[in-house]
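Below is one structure; the comments refer to it alone.
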Amino acid sequence: MSALLPVADAQVRLLALAMPLPAETLPLGETAGRYLAEDCTATRGQPAADLSAMDGYAIAFAGMPGPWHVTGESVPGTLPDRMIARGEAMRIFTGAPLPAGTDTILIQEEAARDGDTLTLTGEGPRRLGQHVRVADGDFAERQRLVARGALLTAARIGLAAMGGHGKLTVGRRPRVALISTGDELVPPGDPISGVQLPASNAIMLRAMLEPISAIVDDHGIVRDDFDTLAAAFDAAREADIIVTSGGASVGDHDLVRPVLDAIGGTLDFWKIAMKPGKPLLAGKLGDAIVLGLPGNPVSTFVTGTLFLLPLVRALQGAADPLPPTHRVKLGAPLPACGGRAEYLRGLWADGEVIQANEQDSAAMVSLASANALIVRSAGAPAAEAGEMAEIVALG
Ligand SMILES: Nc1nc2c(c(=O)[nH]1)N[C@H]1C(S)=C(S)[C@@H](COP(=O)(O)OP(=O)(O)OC[C@H]3O[C@@H](n4cnc5c(N)ncnc54)[C@H](O)[C@@H]3O)O[C@H]1N2
Ligand code: MOO
């Protein structure tokens, strides 16, 4: 048997196939979940001037404890047109610019006003600059706000808007073609008889891929027939990634590898030291990256999480395409790990993780209730409850 490739090596090799796709410039409102193709730099400073953080009166701290003569008012969006002299204060509202001659805000709850005369009633500001948001205090013009390769989260999109942007340049959405192989498969929900099986992998993969911006094209179920699978590959050639499920192993009906070879594709690697997911293969067909996922649904899910989703992110220009891992405490012991790294379905709550009772590669009930994969390195010794373990959180 040929040596199995360690997971991390296989991930490196797969991501090495992924040249980021061309970038596109989109209105800010369409960029959620995309990856920045170039640094986003502030075209303005924020705040643009010293602004009040409270409703009250702009004063010079040196004039404490007053009283003051109130002259004019400052509202958000307009620079006050007058200076404040000694002994004067200006009425001011949250977000409004401080007039020249002032440096501190006296909040209105701590002051009393009688006509134009303002007196201190409470403690008042304790320091110069209190309740003032200073110019450029959040960020300065030309400051980098979001780095190239970063995921555009809601907060980062808000920041880009604040930085003066109405559009951002992001990596294009990868087109992913899905091919399900297997004579036993029936489309989900269709009438089914005997030992036929609902084809659950493609619909599951779509649900994994669309939230990370992939454009999914499901090419349906392909019989375990050489020419039919070759034709399906051919029809999917325009995709950025062609994903097959099933037919990746060594059985007589496992045709993905021989078909890929026969139609001029190249194989980069096959068989990974992992459980589930051993028969995973990767290669190229023209410009498309081919990822052959094992047919067992849990194997499809786990290899999808560790290989397909990172590939989709990498094609979009993600700086960190791999799923993040966390270290958490084991709530129960784990047996020693064999020669393949294991990805155990885990139940993670209150800072502790335990493995699900059922770990068979075809068992979907335990996958559906798992919220983590517990990562066990090949050859790891048995672990006690209370030891730390690495997990991949599942969304
Ligand atoms: N002699 C060996 N047999 C197997 C090996 C091996 O090394 N030597 N590897 C096993 C491992 S590990 C896995 S994983 C499976 C995966 O094999 P394939 O990728 O060739 O998958 P299939 O044989 O086509 O299907 C496996 C299983 O999954 C069901 N399936 C297939 N497609 C779907 C789908 N779209 N939706 C739901 N379920 C699907 C299929 O009916 C089979 O039950 O091979 C082992 N065998
Ligand atoms: O390694 Mo296979 O993916 O167990 O079922």
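Letters for chains follow the order of the structure tokens (A, B, ...), residue numbers begin at 1 for each chain, and ligand numbers begin at 1 in the order shown.
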Give me, as a Markdown table, the closest atom pair and its distance (Å, one decimal) for every residue of chain A within a cut-off of 9 Å of ligand 1, counting only C-alpha atoms and all ligand atoms, rows sorted by chain and rising number.
| residue | atom | partner | partner_atom_place_in_ligand_line | distance |
| --- | --- | --- | --- | --- |
| A:Ile179 | CA | ligand 1 | 35 (N) | 8.3 |
| A:Ser180 | CA | ligand 1 | 35 (N) | 4.9 |
| A:Thr181 | CA | ligand 1 | 32 (N) | 5.9 |
| A:Gly182 | CA | ligand 1 | 24 (O) | 5.7 |
| A:Asp183 | CA | ligand 1 | 41 (O) | 8.4 |
| A:Glu184 | CA | ligand 1 | 41 (O) | 6.2 |
| A:Leu185 | CA | ligand 1 | 34 (C) | 6.6 |
| A:Val186 | CA | ligand 1 | 36 (N) | 8.7 |
| A:Pro187 | CA | ligand 1 | 35 (N) | 8.9 |
| A:Gln196 | CA | ligand 1 | 41 (O) | 8.2 |
| A:Leu197 | CA | ligand 1 | 41 (O) | 6.5 |
| A:Pro198 | CA | ligand 1 | 37 (C) | 6.1 |
| A:Ala199 | CA | ligand 1 | 36 (N) | 3.6 |
| A:Ser200 | CA | ligand 1 | 36 (N) | 4.0 |
| A:Asn201 | CA | ligand 1 | 36 (N) | 4.2 |
| A:Ala202 | CA | ligand 1 | 35 (N) | 6.0 |
| A:Ile203 | CA | ligand 1 | 35 (N) | 8.5 |
| A:Met204 | CA | ligand 1 | 36 (N) | 8.8 |
| A:Ile221 | CA | ligand 1 | 35 (N) | 7.6 |
| A:Asp224 | CA | ligand 1 | 24 (O) | 8.6 |
| A:Thr244 | CA | ligand 1 | 35 (N) | 8.7 |
| A:Ser245 | CA | ligand 1 | 32 (N) | 5.6 |
| A:Gly246 | CA | ligand 1 | 24 (O) | 3.5 |
| A:Gly247 | CA | ligand 1 | 20 (O) | 3.4 |
| A:Ala248 | CA | ligand 1 | 19 (O) | 3.7 |
| A:Ser249 | CA | ligand 1 | 20 (O) | 3.6 |
| A:Val250 | CA | ligand 1 | 8 (N) | 5.7 |
| A:Gly251 | CA | ligand 1 | 3 (N) | 6.4 |
| A:His253 | CA | ligand 1 | 24 (O) | 7.4 |
| A:Asp254 | CA | ligand 1 | 20 (O) | 5.0 |
| A:Leu255 | CA | ligand 1 | 20 (O) | 8.1 |
| A:Val256 | CA | ligand 1 | 20 (O) | 8.4 |
| A:Lys271 | CA | ligand 1 | 7 (O) | 8.6 |
| A:Met274 | CA | ligand 1 | 12 (S) | 8.7 |
| A:Lys275 | CA | ligand 1 | 12 (S) | 7.0 |
| A:Pro276 | CA | ligand 1 | 14 (S) | 6.1 |
| A:Gly277 | CA | ligand 1 | 14 (S) | 5.2 |
| A:Lys278 | CA | ligand 1 | 12 (S) | 5.0 |
| A:Pro279 | CA | ligand 1 | 14 (S) | 6.0 |
| A:Leu280 | CA | ligand 1 | 19 (O) | 7.4 |
| A:Gly292 | CA | ligand 1 | 19 (O) | 7.6 |
| A:Leu293 | CA | ligand 1 | 19 (O) | 6.1 |
| A:Pro294 | CA | ligand 1 | 19 (O) | 3.2 |
| A:Gly295 | CA | ligand 1 | 21 (O) | 3.6 |
| A:Asn296 | CA | ligand 1 | 28 (O) | 3.4 |
| A:Pro297 | CA | ligand 1 | 38 (N) | 5.3 |
| A:Val298 | CA | ligand 1 | 14 (S) | 8.4 |
| A:Ser299 | CA | ligand 1 | 14 (S) | 5.7 |
| A:Thr300 | CA | ligand 1 | 14 (S) | 8.1 |
| A:Ser361 | CA | ligand 1 | 14 (S) | 6.8 |
| A:Ala362 | CA | ligand 1 | 28 (O) | 6.8 |
Please save N, CA and C atoms of the selected residues as a compact mmCIF listing (two decimals), in the first residue's frame.
# COMPACT_ATOMS: atom_id res chain seq x y z
N ILE A 179 -20.44 16.65 -8.54
CA ILE A 179 -20.84 15.42 -9.24
C ILE A 179 -20.97 14.32 -8.19
N SER A 180 -22.16 13.73 -8.10
CA SER A 180 -22.37 12.61 -7.16
C SER A 180 -22.28 11.31 -7.94
N THR A 181 -21.46 10.39 -7.50
CA THR A 181 -21.34 9.13 -8.23
C THR A 181 -21.95 8.00 -7.41
N GLY A 182 -22.59 7.07 -8.09
CA GLY A 182 -23.10 5.87 -7.41
C GLY A 182 -24.42 5.39 -7.99
N ASP A 183 -24.45 4.13 -8.42
CA ASP A 183 -25.68 3.54 -8.98
C ASP A 183 -26.81 3.48 -7.97
N GLU A 184 -26.44 3.48 -6.69
CA GLU A 184 -27.46 3.31 -5.64
C GLU A 184 -28.18 4.61 -5.31
N LEU A 185 -27.74 5.72 -5.87
CA LEU A 185 -28.22 7.03 -5.41
C LEU A 185 -29.49 7.49 -6.10
N VAL A 186 -30.33 8.15 -5.32
CA VAL A 186 -31.60 8.72 -5.79
C VAL A 186 -31.63 10.17 -5.31
N PRO A 187 -32.09 11.12 -6.12
CA PRO A 187 -32.13 12.51 -5.64
C PRO A 187 -32.96 12.63 -4.36
N GLN A 196 -31.78 1.30 -2.34
CA GLN A 196 -31.29 2.56 -2.90
C GLN A 196 -31.03 3.54 -1.75
N LEU A 197 -30.35 4.63 -2.05
CA LEU A 197 -29.92 5.57 -1.00
C LEU A 197 -30.16 7.00 -1.46
N PRO A 198 -30.76 7.84 -0.61
CA PRO A 198 -30.87 9.26 -0.99
C PRO A 198 -29.46 9.86 -1.11
N ALA A 199 -29.25 10.60 -2.18
CA ALA A 199 -27.95 11.25 -2.39
C ALA A 199 -27.90 12.50 -1.52
N SER A 200 -27.25 12.38 -0.39
CA SER A 200 -27.26 13.51 0.56
C SER A 200 -26.02 14.39 0.44
N ASN A 201 -24.98 13.90 -0.22
CA ASN A 201 -23.71 14.64 -0.17
C ASN A 201 -23.75 15.99 -0.90
N ALA A 202 -24.33 16.01 -2.09
CA ALA A 202 -24.29 17.26 -2.87
C ALA A 202 -25.09 18.36 -2.17
N ILE A 203 -26.25 17.98 -1.63
CA ILE A 203 -27.09 18.99 -0.98
C ILE A 203 -26.40 19.49 0.30
N MET A 204 -25.69 18.58 0.97
CA MET A 204 -24.93 18.97 2.17
C MET A 204 -23.77 19.88 1.78
N ILE A 221 -26.55 13.22 -10.27
CA ILE A 221 -26.03 11.88 -9.96
C ILE A 221 -25.54 11.23 -11.25
N ASP A 224 -22.22 4.65 -12.06
CA ASP A 224 -20.86 4.12 -11.99
C ASP A 224 -20.48 3.52 -13.35
N THR A 244 -16.14 15.69 -6.80
CA THR A 244 -16.90 14.45 -6.91
C THR A 244 -17.12 13.91 -5.51
N SER A 245 -18.22 13.19 -5.33
CA SER A 245 -18.37 12.45 -4.08
C SER A 245 -18.60 10.99 -4.43
N GLY A 246 -17.88 10.12 -3.73
CA GLY A 246 -17.96 8.69 -3.99
C GLY A 246 -16.99 8.27 -5.08
N GLY A 247 -16.80 6.98 -5.18
CA GLY A 247 -15.97 6.43 -6.25
C GLY A 247 -14.50 6.78 -6.14
N ALA A 248 -14.06 7.14 -4.92
CA ALA A 248 -12.67 7.57 -4.75
C ALA A 248 -11.78 6.46 -4.22
N SER A 249 -12.40 5.35 -3.80
CA SER A 249 -11.64 4.31 -3.13
C SER A 249 -11.09 3.29 -4.13
N VAL A 250 -10.98 2.04 -3.70
CA VAL A 250 -10.26 1.05 -4.51
C VAL A 250 -11.16 -0.01 -5.13
N GLY A 251 -12.48 0.11 -4.94
CA GLY A 251 -13.39 -0.92 -5.47
C GLY A 251 -13.47 -0.88 -6.99
N HIS A 253 -15.94 -0.34 -8.72
CA HIS A 253 -16.83 0.72 -9.20
C HIS A 253 -16.31 2.10 -8.85
N ASP A 254 -15.10 2.16 -8.34
CA ASP A 254 -14.53 3.46 -7.93
C ASP A 254 -13.74 4.03 -9.10
N LEU A 255 -14.42 4.90 -9.85
CA LEU A 255 -13.93 5.27 -11.19
C LEU A 255 -13.31 6.67 -11.27
N VAL A 256 -13.36 7.44 -10.19
CA VAL A 256 -12.96 8.84 -10.32
C VAL A 256 -11.51 8.95 -10.80
N LYS A 271 -5.14 9.56 -1.18
CA LYS A 271 -5.10 8.82 0.08
C LYS A 271 -4.36 9.59 1.18
N MET A 274 -5.91 9.99 7.35
CA MET A 274 -6.97 10.54 8.20
C MET A 274 -8.17 9.61 8.23
N LYS A 275 -8.95 9.75 9.30
CA LYS A 275 -10.14 8.94 9.48
C LYS A 275 -11.22 9.82 10.08
N PRO A 276 -12.33 10.02 9.41
CA PRO A 276 -12.65 9.50 8.08
C PRO A 276 -11.99 10.35 6.98
N GLY A 277 -12.01 9.79 5.78
CA GLY A 277 -11.58 10.59 4.63
C GLY A 277 -10.39 10.05 3.87
N LYS A 278 -9.96 8.86 4.20
CA LYS A 278 -8.73 8.32 3.61
C LYS A 278 -8.67 8.39 2.08
N PRO A 279 -9.73 8.06 1.35
CA PRO A 279 -9.56 7.97 -0.12
C PRO A 279 -9.52 9.33 -0.83
N LEU A 280 -9.50 10.45 -0.13
CA LEU A 280 -9.52 11.76 -0.77
C LEU A 280 -8.46 11.86 -1.87
N GLY A 292 -11.66 14.88 -5.27
CA GLY A 292 -12.49 13.68 -5.18
C GLY A 292 -12.71 13.35 -3.72
N LEU A 293 -13.95 13.57 -3.26
CA LEU A 293 -14.26 13.31 -1.84
C LEU A 293 -14.79 11.89 -1.70
N PRO A 294 -14.46 11.23 -0.59
CA PRO A 294 -15.01 9.89 -0.35
C PRO A 294 -16.53 9.97 -0.22
N GLY A 295 -17.20 8.88 -0.57
CA GLY A 295 -18.65 8.90 -0.62
C GLY A 295 -19.36 8.83 0.71
N ASN A 296 -18.74 8.19 1.71
CA ASN A 296 -19.41 8.13 3.01
C ASN A 296 -19.75 9.55 3.45
N PRO A 297 -21.00 9.81 3.85
CA PRO A 297 -21.42 11.19 4.12
C PRO A 297 -20.55 11.91 5.16
N VAL A 298 -20.15 11.20 6.21
CA VAL A 298 -19.34 11.88 7.23
C VAL A 298 -17.93 12.16 6.67
N SER A 299 -17.44 11.25 5.84
CA SER A 299 -16.14 11.48 5.20
C SER A 299 -16.23 12.69 4.28
N THR A 300 -17.34 12.79 3.55
CA THR A 300 -17.56 13.95 2.68
C THR A 300 -17.56 15.23 3.51
N SER A 361 -18.33 6.23 9.70
CA SER A 361 -18.26 7.24 8.62
C SER A 361 -19.57 7.45 7.89
N ALA A 362 -20.53 6.57 8.11
CA ALA A 362 -21.81 6.72 7.43
C ALA A 362 -22.90 7.21 8.38
Just the residues within 8 Å of Pro310 (chain A), please, counting only C-alpha atoms, with nothing from its chain fewer than 4 positions along; format it as a short mmCIF file (atom, residue, chain, number, x, y, z; two decimals) with N, CA and C atoms, in the first residue's frame.
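File produced: part23.cif:
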data_model
loop_
_atom_site.label_atom_id
_atom_site.label_comp_id
_atom_site.auth_asym_id
_atom_site.auth_seq_id
_atom_site.Cartn_x
_atom_site.Cartn_y
_atom_site.Cartn_z
N LEU A 15 -3.65 23.64 -1.45
CA LEU A 15 -3.71 25.11 -1.52
C LEU A 15 -2.66 25.66 -2.48
N THR A 305 -14.84 20.03 5.04
CA THR A 305 -14.46 21.05 6.02
C THR A 305 -12.95 21.33 5.97
N LEU A 306 -12.17 20.27 5.83
CA LEU A 306 -10.71 20.44 5.95
C LEU A 306 -10.02 20.74 4.63
N ALA A 314 -9.27 30.02 -0.35
CA ALA A 314 -7.98 30.38 -0.94
C ALA A 314 -8.16 30.96 -2.34
N PRO A 321 -6.96 30.48 5.00
CA PRO A 321 -8.09 29.68 4.50
C PRO A 321 -8.45 28.47 5.35
N LEU A 322 -7.53 28.01 6.19
CA LEU A 322 -7.81 26.78 6.95
C LEU A 322 -8.77 27.07 8.10
N PRO A 323 -9.55 26.07 8.51
CA PRO A 323 -10.48 26.33 9.63
C PRO A 323 -9.69 26.58 10.92
#
Identify, on the basis of only C-alpha atoms, every residue whose closest approach to region 41-58 of chain A does not exceed 7 Å; exclude the query and any residue fewer than 2 positions from it along the same chain; express the result as JSON, numbers by chain. {"A": [39, 89, 90, 91, 92, 93, 94, 95, 96, 97, 98, 102, 104, 105, 106, 107, 108, 131, 132, 133, 134, 135, 136, 137, 138, 139, 140, 141, 142, 143, 144, 145, 163, 164]}
Across A:Ala232, A:Ala368, A:Met388, A:Ala273, the smallest distance to Ala3 (chain A), with only C-alpha atoms counted, is shown by A:Ala273
When you count only C-alpha atoms, which of these residues is closest to Ala385 (chain A): A:Lys329, A:His69, A:Arg345, A:Arg173?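 Ranking A:Lys329, A:His69, A:Arg345, A:Arg173 by distance to Ala385 (chain A), first place goes to A:Lys329.
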Please identify the strand (DSSP E or B) residues within region 13-193 of chain A (assignment by DSSP from backbone atoms) and present them as a ChimeraX atom specification. /A:23-27,35-36,40-41,46,51-52,56-59,68-74,88-92,97,104-107,111-114,117-120,132-133,139,144-146,151,167-171,175-181,185-186
Could you save those same residues with C-alpha atoms as a CSV table (one decimal), in the first residue's frame?
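See again-v4.csv below for the written result:
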chain,number,residue,atom,x,y,z
A,23,ALA,CA,-10.6,40.4,-8.3
A,24,GLU,CA,-13.8,42.4,-8.8
A,25,THR,CA,-14.9,45.7,-7.4
A,26,LEU,CA,-18.3,45.7,-5.7
A,27,PRO,CA,-20.5,48.1,-3.9
A,35,TYR,CA,-12.1,38.5,1.0
A,36,LEU,CA,-10.3,41.8,0.3
A,40,CYS,CA,-8.4,48.9,2.5
A,41,THR,CA,-6.8,52.3,3.5
A,46,GLN,CA,-12.1,59.6,12.1
A,51,LEU,CA,-16.3,65.9,18.6
A,52,SER,CA,-18.5,65.8,21.7
A,56,GLY,CA,-24.1,69.4,27.1
A,57,TYR,CA,-21.8,72.4,26.9
A,58,ALA,CA,-18.4,72.8,25.3
A,59,ILE,CA,-16.1,74.7,27.8
A,68,TRP,CA,-20.3,80.6,31.9
A,69,HIS,CA,-22.1,82.7,29.4
A,70,VAL,CA,-23.7,80.4,26.8
A,71,THR,CA,-23.2,81.6,23.3
A,72,GLY,CA,-24.4,79.7,20.2
A,73,GLU,CA,-24.7,76.0,19.7
A,74,SER,CA,-22.9,73.2,17.8
A,88,GLU,CA,-18.1,81.4,27.6
A,89,ALA,CA,-19.6,78.0,26.8
A,90,MET,CA,-21.3,76.7,23.7
A,91,ARG,CA,-24.4,74.4,23.7
A,92,ILE,CA,-23.3,71.2,22.1
A,97,PRO,CA,-17.6,69.5,16.6
A,104,THR,CA,-13.9,69.7,27.4
A,105,ILE,CA,-17.6,68.8,27.7
A,106,LEU,CA,-19.8,69.6,30.7
A,107,ILE,CA,-22.7,67.2,30.5
A,111,ALA,CA,-25.3,71.9,34.8
A,112,ALA,CA,-28.2,74.4,35.2
A,113,ARG,CA,-29.1,77.0,32.7
A,114,ASP,CA,-30.9,80.2,33.5
A,117,THR,CA,-26.1,81.8,32.3
A,118,LEU,CA,-24.7,78.3,32.9
A,119,THR,CA,-23.7,77.1,36.4
A,120,LEU,CA,-22.2,73.9,37.6
A,132,VAL,CA,-14.3,64.6,23.8
A,133,ARG,CA,-13.5,62.2,20.9
A,139,PHE,CA,-8.0,56.2,12.7
A,144,ARG,CA,-4.6,50.6,6.8
A,145,LEU,CA,-8.1,49.6,8.1
A,146,VAL,CA,-8.5,46.1,6.8
A,151,LEU,CA,-12.7,38.2,5.5
A,167,LYS,CA,-16.8,50.0,-3.0
A,168,LEU,CA,-14.2,47.4,-2.3
A,169,THR,CA,-12.1,45.1,-4.4
A,170,VAL,CA,-12.6,41.4,-3.5
A,171,GLY,CA,-11.7,38.0,-4.9
A,175,ARG,CA,-17.6,28.2,-9.3
A,176,VAL,CA,-17.9,24.8,-7.8
A,177,ALA,CA,-19.3,21.9,-9.9
A,178,LEU,CA,-20.7,18.9,-7.8
A,179,ILE,CA,-20.8,15.4,-9.2
A,180,SER,CA,-22.4,12.6,-7.2
A,181,THR,CA,-21.3,9.1,-8.2
A,185,LEU,CA,-28.2,7.0,-5.4
A,186,VAL,CA,-31.6,8.7,-5.8
Would you please extract all alpha helix (DSSP H) residues from region 148-334 of chain A, as assigned by DSSP on the backbone, and give them as a ChimeraX atom specification? /A:154-162,201-209,226-235,256-262,297-303,309-315
Take the residues just selected and output them with N, CA and C atoms as a compact mmCIF listing (two decimals), in the first residue's frame.
# COMPACT_ATOMS: atom_id res chain seq x y z
N ALA A 154 -19.15 42.03 9.07
CA ALA A 154 -20.02 43.21 9.19
C ALA A 154 -19.23 44.40 9.75
N ALA A 155 -18.44 44.16 10.79
CA ALA A 155 -17.70 45.26 11.42
C ALA A 155 -16.67 45.85 10.45
N ARG A 156 -16.01 45.00 9.68
CA ARG A 156 -14.99 45.50 8.74
C ARG A 156 -15.63 46.29 7.61
N ILE A 157 -16.82 45.86 7.19
CA ILE A 157 -17.53 46.62 6.15
C ILE A 157 -17.94 47.98 6.71
N GLY A 158 -18.40 47.99 7.95
CA GLY A 158 -18.74 49.26 8.59
C GLY A 158 -17.51 50.16 8.69
N LEU A 159 -16.39 49.57 9.04
CA LEU A 159 -15.14 50.34 9.15
C LEU A 159 -14.73 50.92 7.80
N ALA A 160 -14.86 50.09 6.75
CA ALA A 160 -14.50 50.57 5.40
C ALA A 160 -15.38 51.75 5.01
N ALA A 161 -16.66 51.66 5.33
CA ALA A 161 -17.57 52.77 5.03
C ALA A 161 -17.12 54.02 5.78
N MET A 162 -16.79 53.85 7.06
CA MET A 162 -16.34 54.99 7.87
C MET A 162 -15.04 55.56 7.31
N ASN A 201 -24.98 13.90 -0.22
CA ASN A 201 -23.71 14.64 -0.17
C ASN A 201 -23.75 15.99 -0.90
N ALA A 202 -24.33 16.01 -2.09
CA ALA A 202 -24.29 17.26 -2.87
C ALA A 202 -25.09 18.36 -2.17
N ILE A 203 -26.25 17.98 -1.63
CA ILE A 203 -27.09 18.99 -0.98
C ILE A 203 -26.40 19.49 0.30
N MET A 204 -25.69 18.58 0.97
CA MET A 204 -24.93 18.97 2.17
C MET A 204 -23.77 19.88 1.78
N LEU A 205 -23.07 19.53 0.72
CA LEU A 205 -21.94 20.36 0.28
C LEU A 205 -22.42 21.75 -0.15
N ARG A 206 -23.54 21.79 -0.83
CA ARG A 206 -24.08 23.11 -1.22
C ARG A 206 -24.30 23.98 0.02
N ALA A 207 -24.85 23.34 1.05
CA ALA A 207 -25.12 24.10 2.29
C ALA A 207 -23.83 24.52 2.98
N MET A 208 -22.75 23.82 2.72
CA MET A 208 -21.45 24.23 3.29
C MET A 208 -20.82 25.33 2.43
N LEU A 209 -21.04 25.25 1.12
CA LEU A 209 -20.31 26.12 0.18
C LEU A 209 -20.95 27.49 0.00
N PHE A 226 -17.87 4.34 -16.77
CA PHE A 226 -16.70 5.10 -17.17
C PHE A 226 -17.05 6.28 -18.09
N ASP A 227 -17.77 5.99 -19.16
CA ASP A 227 -18.05 7.03 -20.16
C ASP A 227 -18.98 8.11 -19.60
N THR A 228 -19.94 7.67 -18.76
CA THR A 228 -20.87 8.65 -18.19
C THR A 228 -20.13 9.61 -17.26
N LEU A 229 -19.21 9.06 -16.47
CA LEU A 229 -18.45 9.92 -15.56
C LEU A 229 -17.51 10.83 -16.36
N ALA A 230 -16.93 10.29 -17.43
CA ALA A 230 -16.05 11.12 -18.28
C ALA A 230 -16.85 12.28 -18.87
N ALA A 231 -18.07 12.00 -19.30
CA ALA A 231 -18.92 13.06 -19.88
C ALA A 231 -19.28 14.10 -18.81
N ALA A 232 -19.50 13.62 -17.59
CA ALA A 232 -19.85 14.55 -16.50
C ALA A 232 -18.66 15.47 -16.19
N PHE A 233 -17.48 14.90 -16.16
CA PHE A 233 -16.29 15.73 -15.96
C PHE A 233 -16.18 16.78 -17.06
N ASP A 234 -16.41 16.32 -18.29
CA ASP A 234 -16.28 17.23 -19.42
C ASP A 234 -17.26 18.40 -19.30
N ALA A 235 -18.48 18.08 -18.87
CA ALA A 235 -19.50 19.13 -18.75
C ALA A 235 -19.17 20.10 -17.62
N VAL A 256 -13.36 7.44 -10.19
CA VAL A 256 -12.96 8.84 -10.32
C VAL A 256 -11.51 8.95 -10.80
N ARG A 257 -10.63 8.20 -10.16
CA ARG A 257 -9.21 8.31 -10.51
C ARG A 257 -8.93 7.82 -11.93
N PRO A 258 -9.39 6.60 -12.31
CA PRO A 258 -9.13 6.17 -13.68
C PRO A 258 -9.73 7.07 -14.74
N VAL A 259 -10.93 7.61 -14.48
CA VAL A 259 -11.55 8.49 -15.48
C VAL A 259 -10.74 9.78 -15.60
N LEU A 260 -10.36 10.35 -14.49
CA LEU A 260 -9.57 11.59 -14.52
C LEU A 260 -8.31 11.37 -15.34
N ASP A 261 -7.69 10.23 -15.12
CA ASP A 261 -6.46 9.91 -15.83
C ASP A 261 -6.73 9.77 -17.34
N ALA A 262 -7.82 9.09 -17.67
CA ALA A 262 -8.11 8.80 -19.09
C ALA A 262 -8.47 10.05 -19.88
N PRO A 297 -21.00 9.81 3.85
CA PRO A 297 -21.42 11.19 4.12
C PRO A 297 -20.55 11.91 5.16
N VAL A 298 -20.15 11.20 6.21
CA VAL A 298 -19.34 11.88 7.23
C VAL A 298 -17.93 12.16 6.67
N SER A 299 -17.44 11.25 5.84
CA SER A 299 -16.14 11.48 5.20
C SER A 299 -16.23 12.69 4.28
N THR A 300 -17.34 12.79 3.55
CA THR A 300 -17.56 13.95 2.68
C THR A 300 -17.56 15.23 3.51
N PHE A 301 -18.27 15.20 4.63
CA PHE A 301 -18.38 16.40 5.46
C PHE A 301 -17.01 16.79 6.02
N VAL A 302 -16.28 15.80 6.54
CA VAL A 302 -15.01 16.11 7.19
C VAL A 302 -13.97 16.58 6.16
N THR A 303 -13.89 15.89 5.03
CA THR A 303 -12.93 16.34 4.01
C THR A 303 -13.39 17.66 3.38
N LEU A 309 -13.56 23.57 1.70
CA LEU A 309 -13.84 24.95 2.11
C LEU A 309 -12.57 25.80 2.14
N PRO A 310 -11.44 25.28 2.65
CA PRO A 310 -10.20 26.06 2.56
C PRO A 310 -9.82 26.39 1.10
N LEU A 311 -10.06 25.46 0.20
CA LEU A 311 -9.73 25.71 -1.20
C LEU A 311 -10.59 26.85 -1.76
N VAL A 312 -11.87 26.82 -1.42
CA VAL A 312 -12.77 27.88 -1.89
C VAL A 312 -12.34 29.24 -1.33
N ARG A 313 -11.94 29.24 -0.06
CA ARG A 313 -11.48 30.50 0.55
C ARG A 313 -10.18 30.96 -0.11
N ALA A 314 -9.27 30.02 -0.35
CA ALA A 314 -7.98 30.38 -0.94
C ALA A 314 -8.16 30.96 -2.34
N LEU A 315 -9.08 30.40 -3.12
CA LEU A 315 -9.32 30.93 -4.47
C LEU A 315 -9.86 32.36 -4.40
Find the residue from A:Leu14, A:Ala318, A:Ile272, A:Val216 that sits nearest to ligand 2; use only C-alpha atoms and all ligand atoms when measuring.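 Closest residue, counting only C-alpha atoms and all ligand atoms: A:Ile272.
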